[in-house]
Structure formats: C-alpha cells, structure tokens
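Notes follow the structure.
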Amino acid sequence: MDIVITGQQAWDVEIGSNCKNIALEFSKNHRVLYVNSPLDRGSLLKGGSDPKIIKRKAVVYGKADGLEQIQENLWVFYPDKMIESINWIPEMLFDILNRRNNQLLAASIARAVKRLGFADYVHFNDNDIFRSFFLKDLLKPALSIYYSRDYMLAVEYWRKHGGRLEPRLIAKSDLCVANSVYLAKYCGKYNKQSYYVGQGCDLDVFMAGNRSEDPADVRGISRPRIGYVGALQSLRLDMELLQYIAEVRPDWNIVLVGPEDKEFLQSSLHNLPNVTFTGSRDLADLPAYINSFDVCVNPQLLNEVTIGNYPRKIDEYLAVGKPVVATATDAMSVFEEHVYLGKNKEEYVRLIERAIIENSDERTAARRLFASSHSWENSVGEIYKAISKAQESL
C-alpha cells in the first residue's frame with residue numbers, strides 16, 4: 001500500500017506531531033510520501049531568515065529538489081508551488097482561491113507521486129480542512145482518509161470557513177478516523193464510516209524514568225501531595241476548582257509543575273500556603289515529579305477547545321502508576337476503569353480521598369499495563385482495521 005499524507009504540521013516542525021508518528025509507523029510496512037505544508041505568500045513576506053521558509057523558497061524557485069528520502073519507505077516532499085494566504089477574505093472569493101490553491105498543491109503532489117512510482121495510493125489527510133479540501137477530487141486516490149485529532153472549529157482561524165467546509169470534507173471522505181471518542185462521534189454525524197482509533201503516546205521516559213528519590217523542591221512538602229504536570233493555561237484548566245480543593249482541604253498540598261500563562265501568574269492560587277508552583281521542568285525530570293505525588297489530577301475545563309482532545313497527560317500519569325482524578329468527558333470514557341472521573345468540585349474532593357485510600361500495588365501495575373497499550377503501533381493497527389472496513393463497503 002502506497003500512502004500520501006497531507007496535513008497541518010510539516011515534517012520540520014519543532015514540536016511533536018501525531019501525524020509524524022503515524023507516518024513513521026506506516027512506513028514500517030508501506031511506502032509513504034509525507035507532504036509538507038506549501039509555502040504561502042504571507043509566510044514568504046514575513047519569513048525573513050527562517051530556515052524553513054528559506055528551504056521552501058529554494059524549492060519553489062527551482063534551486064533545490066523538494067523530494068527527500070528520510071529513511072527506508074519514507075519520503076518528505078516540499079511542494080514546488082506557492083499558494084495564496086486567504087483565510088480572512090470573504091466566503092465567495094475564499095472558495096475560488098482555495099480551489100486554485102488546491103489545484104497548485106495537487107499538481108505538485110502528482111509530480112512527486114509519479115517520480116516515486118506510487119499507484120492506487122491512499123490519501124491520509126491530517127485535519128487539513130482548507131488546503132486538502134479538493135484533493136480527493138483532484139488526485140483521485142484509491143481511498144481518502146480524514147484524520148480528526150483536534151476540534152479545529154473551536155479556534156477562530158479555522159471556524160471562519162471551516163464551520164461549513166469541514167462537515168463537507170468529512171462527508172466526502174471515504175473514511176474518517178479520530179483519536180478521541182468525542183471526535184469519532186462528531187465525524188460520525190457526517191460520515192457513517194467514522195472510527196475511534198485511539199492515540200499513540202511516547203511513554204518510554206514515563207514507563208522507565210528514574211524515580212529513586214523525590215525532586216529537591218518537593219521533598220520538603222508534606223503529604224498527601226496532589227499534583228499536576230503540564231502547561232498551566234486558563235483556557236484549559238479550572239483555576240476555581242484548584243482553589244476550592246486547596247481551601248477545603250488545607251491538609252493537602254497541591255503541586256503544579258509547568259509554565260504558567262498570564263492568568264495563572266496573576267491568580268490567587270499563589271497566595272495559598274498549600275499550593276506550590278515549580279515552573280517548567282525538563283521532560284526527563286517529569287516522571288520523578290509524578291512519582292512524588294500521591295494523586296495526579298487533570299482539572300480540565302469543559303469548553304470547545306478541550307472537550308474533544310485526547311488527554312495524553314493521563315497516559316503519562318498512568319505509565320508511572322499513579323492514581324488519577326480527572327474531569328469526566330467523552331474523551332475520558334476510555335479511561336474509566338483506571339481513572340476516577342469527577343463532574344463537580346465536591347466530587348473531585350471525594351474522589352481524591354478515595355484514590356488515596358484505594359491505592360495498591362495491584363492497581364499501580366494495572367495502570368501501567370493499560371498505559372502501555374496506548375502505542376503508535378496499536379493506534380495505527382486500528383487505522384488499518386478501519387481501512388479494511390471501508391474497502392469492504394466501497
């Protein structure tokens with residue numbers, strides 16, 4: 001099976017990417033062409049000395065080959081055409097220019113596909129609503145897959161035109177796969193061939209991290225310690241819930257590990273004697289912090305940005321073996337056998353108490369085993385199963 005991947009995140013993006021992990025897993029058994037996002041005129045004008053923009057300019061101007069082999073069975077492609085920056089323009093003009101952008105990208109991909117000798121390939125679209133909207137029609141792949149990993153319409157940039165285009169893109173795709181139960185249900189409203197395929201996680205550092213002793217800045221904090229590890233963002237986390245827990249149970253110590261946004265920095269949580277902020281910490285140090293907690297929490301707000309997201313940090317907590325209390329959501333339903341799910345602040349307190357009391361070596365081992373099942377191999381295996389089901393119905 002030959003696979004062409006388009007999406008939002010380029011191969012040279014600095015942060016981790018679901019799609020890159022999926023491409024690597026695909027390439028173990030199939031030939032894969034990973035198409036980077038094309039250079040757009042706005043980025044060209046603002047890019048300056050950014051090496052990523054310089055690379056794309058060189059390809060567009062014919063000074064470099066855009067096709068690079070990364071490893072066996074895996075190529076990365078920099079499109080040789082520039083597209084227009086169009087998101088904020090009115091609907092009618094957007095649709096005309098978006099089709100033109102798609103035509104330029106499709107022609108560029110077709111040339112790369114021909115060079116590689118791909119035939120009857122699968123097109124895997126990683127949540128790219130605009131640039132990949134017409135690619136099924138233009139490239140005519142043997143199978144088109146839409147991968148939903150975030151609820152994009154919660155973000156203003158995507159909502160402007162995506163509110164009308166994403167449902168249409170989902171509907172015309174041969175198959176939709178999603179990394180959360182919530183997103184699978186969302187896709188299922190427009191395409192009956194929609195499947196939950198889980199989420200792969202890179203958990204090695206959490207499964208095998210050094211936990212011989214507590215970090216120095218935690219050792220002096222008395223137990224029980226209730227901890228959170230991750231970015232402290234007011235858009236995603238319930239600061240009022242954290243404050244309630246700290247005030248209702250002054251005998252508990254809350255430890256928050258991660259960078260703070262402006263709202264967290266200015267919050268009254270900093271005035272509470274049983275709340276500690278450690279600031280950012282290196283990835284290699286996080287397992288030791290998690291292991292130093294008696295209970296880990298994910299006090300997530302329920303809003304459009306958070307409700308559909310797969311909570312990777314829950315896997316990280318469970319990989320270390322710690323009891324976890326988290327906000328109940330559709331996405332959290334897959335964790336319900338191993339995580340205490342709270343619906344309000346009073347329930348959170350009761351569940352934290354219960355998590356402390358019920359903890360055992362047997363539960364710790366079960367949590368670690370469950371987390372280990374959330375691998376990229378297993379997630380891509382579910383994608384293969386979904387492909388087989390879709391092919392049977394075509």
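In the structure tokens, chains take letters A, B, ... by order of appearance, with residues numbered from 1 within each chain and ligands from 1 in the order shown.
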Which residues, written as a PyMOL selection string, have at least one atom at most 8 Å from A:Ala10, with only C-alpha atoms counted and residues fewer than 4 positions away on the same chain left out? chain A and resi 35-37
Go ahead and write the residues just picked, C-alpha atoms, as a tab-separated table (two decimals), in the first residue's frame.
chain	number	residue	atom	x	y	z
A	35	VAL	CA	3.79	16.29	2.03
A	36	ASN	CA	4.91	19.37	3.90
A	37	SER	CA	2.59	22.36	4.01
Can you list, as a PyMOL selection string, every protein, DNA or RNA residue that comes within 10 Å of A:Val349 when you count only C-alpha atoms, leaving out same-chain residues fewer than 4 positions away? chain A and resi 241+244-246+248-249+325+342+344-345+353-355
Could the residues in this selection be saved with N, CA and C atoms as a PDB file, in the first residue's frame?
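Resulting contents of result21.pdb:
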ATOM      1  N   LEU A 241     -11.557  25.404  40.554  1.00  0.00           N
ATOM      2  CA  LEU A 241     -11.569  24.060  41.123  1.00  0.00           C
ATOM      3  C   LEU A 241     -10.308  23.822  41.959  1.00  0.00           C
ATOM      4  N   TYR A 244     -10.637  25.698  45.167  1.00  0.00           N
ATOM      5  CA  TYR A 244     -11.607  25.048  46.053  1.00  0.00           C
ATOM      6  C   TYR A 244     -10.959  23.868  46.779  1.00  0.00           C
ATOM      7  N   ILE A 245     -10.263  23.025  46.046  1.00  0.00           N
ATOM      8  CA  ILE A 245      -9.618  21.860  46.662  1.00  0.00           C
ATOM      9  C   ILE A 245      -8.620  22.306  47.726  1.00  0.00           C
ATOM     10  N   ALA A 246      -7.832  23.322  47.402  1.00  0.00           N
ATOM     11  CA  ALA A 246      -6.816  23.793  48.344  1.00  0.00           C
ATOM     12  C   ALA A 246      -7.439  24.387  49.603  1.00  0.00           C
ATOM     13  N   VAL A 248     -10.658  23.822  50.792  1.00  0.00           N
ATOM     14  CA  VAL A 248     -11.477  22.856  51.534  1.00  0.00           C
ATOM     15  C   VAL A 248     -10.598  21.855  52.278  1.00  0.00           C
ATOM     16  N   ARG A 249      -9.444  21.524  51.702  1.00  0.00           N
ATOM     17  CA  ARG A 249      -8.543  20.559  52.321  1.00  0.00           C
ATOM     18  C   ARG A 249      -7.154  21.189  52.532  1.00  0.00           C
ATOM     19  N   VAL A 325      -7.290  11.522  39.209  1.00  0.00           N
ATOM     20  CA  VAL A 325      -8.643  12.069  39.224  1.00  0.00           C
ATOM     21  C   VAL A 325      -8.711  13.104  38.109  1.00  0.00           C
ATOM     22  N   GLY A 342     -14.494  12.959  37.805  1.00  0.00           N
ATOM     23  CA  GLY A 342     -15.315  13.871  38.588  1.00  0.00           C
ATOM     24  C   GLY A 342     -16.114  14.832  37.727  1.00  0.00           C
ATOM     25  N   ASN A 344     -17.941  17.580  39.346  1.00  0.00           N
ATOM     26  CA  ASN A 344     -18.030  18.875  40.017  1.00  0.00           C
ATOM     27  C   ASN A 344     -16.966  18.947  41.110  1.00  0.00           C
ATOM     28  N   LYS A 345     -16.839  20.106  41.736  1.00  0.00           N
ATOM     29  CA  LYS A 345     -15.740  20.320  42.686  1.00  0.00           C
ATOM     30  C   LYS A 345     -15.881  19.463  43.942  1.00  0.00           C
ATOM     31  N   GLU A 353      -9.853  11.719  47.886  1.00  0.00           N
ATOM     32  CA  GLU A 353      -9.791  10.950  49.141  1.00  0.00           C
ATOM     33  C   GLU A 353      -9.851   9.451  48.851  1.00  0.00           C
ATOM     34  N   ARG A 354     -10.765   9.081  47.978  1.00  0.00           N
ATOM     35  CA  ARG A 354     -10.938   7.672  47.637  1.00  0.00           C
ATOM     36  C   ARG A 354      -9.689   7.121  46.929  1.00  0.00           C
ATOM     37  N   ALA A 355      -9.114   7.917  46.036  1.00  0.00           N
ATOM     38  CA  ALA A 355      -7.923   7.485  45.307  1.00  0.00           C
ATOM     39  C   ALA A 355      -6.763   7.208  46.250  1.00  0.00           C
TER      40      ALA A 355
END
Any chance you could list, as a ChimeraX atom specification, the residues in stretch 7-186 of chain A that come up helix (DSSP H, G or I) when DSSP is run on the backbone? /A:18-26,41-47,51-60,91-116,135-139,152-154,156-172,181-186
So that each row is one residue of stretch 280-376 of chain A with an atom at most 12 Å from stretch 259-274 of chain A, can you give its shortest atom pair and the distance in Å to one decimal, using only C-alpha atoms, rows by chain and rising number, as a tab-separated table?
residue	atom	partner	partner_atom	distance
A:Ser280	CA	A:Pro259	CA	4.9
A:Arg281	CA	A:Pro259	CA	8.4
A:Asp282	CA	A:Pro259	CA	11.2
Go ahead and dump the residues you just picked, C-alpha atoms, as a compact mmCIF listing (two decimals), in the first residue's frame.
# COMPACT_ATOMS: atom_id res chain seq x y z
CA SER A 280 8.84 24.47 33.85
CA ARG A 281 10.84 21.28 34.17
CA ASP A 282 12.68 19.12 31.62
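Atom pair atom CA of A:Ala371 / atom CA of A:Glu316 has a distance of 7.6 Å (rounded to one decimal).
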Leaving out A:Ser108 and any residue of its chain fewer than 3 positions from it, which residues lie within 10 Å of it when counting only C-alpha atoms, given as a list in words? Val35, Pro38, Gly66, Phe77, Tyr78, Pro79, Asp80, Lys81, Asn102, Gln103, Leu104, Leu105, Arg111, Ala112 and Val113 of chain A
Nearby residues (only C-alpha atoms) at most 9 Å from A:Val155, same-chain spacing under 4 positions excluded, as a ChimeraX atom specification: /A:151,159-160,304-305
What does the distance between atom CA of A:Glu362 and atom CA of A:Cys201 come to in Å, to one decimal place?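 Distance reported for this atom pair: 23.1 Å.
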For stretch 280-361 of chain A against stretch 164-188 of chain A, with a cut-off of 8 Å and counting only C-alpha atoms, what is the closest atom pair and its distance in Å to one decimal for every residue that makes the cut, ordered by chain and number, as CSV?
residue,atom,partner,partner_atom,distance
A:Ile307,CA,A:Tyr182,CA,7.5
A:Gly308,CA,A:Tyr182,CA,5.1
A:Asn309,CA,A:Ser180,CA,6.5
A:Tyr310,CA,A:Ser180,CA,5.4
A:Asp330,CA,A:Tyr182,CA,5.4
A:Ala331,CA,A:Val181,CA,5.2
A:Ser333,CA,A:Val181,CA,7.8
A:Val334,CA,A:Val181,CA,7.9
Using only C-alpha atoms, the best pick from A:Lys322, A:Arg115, A:Arg99, A:His123 as closest to A:Val32 would be A:His123
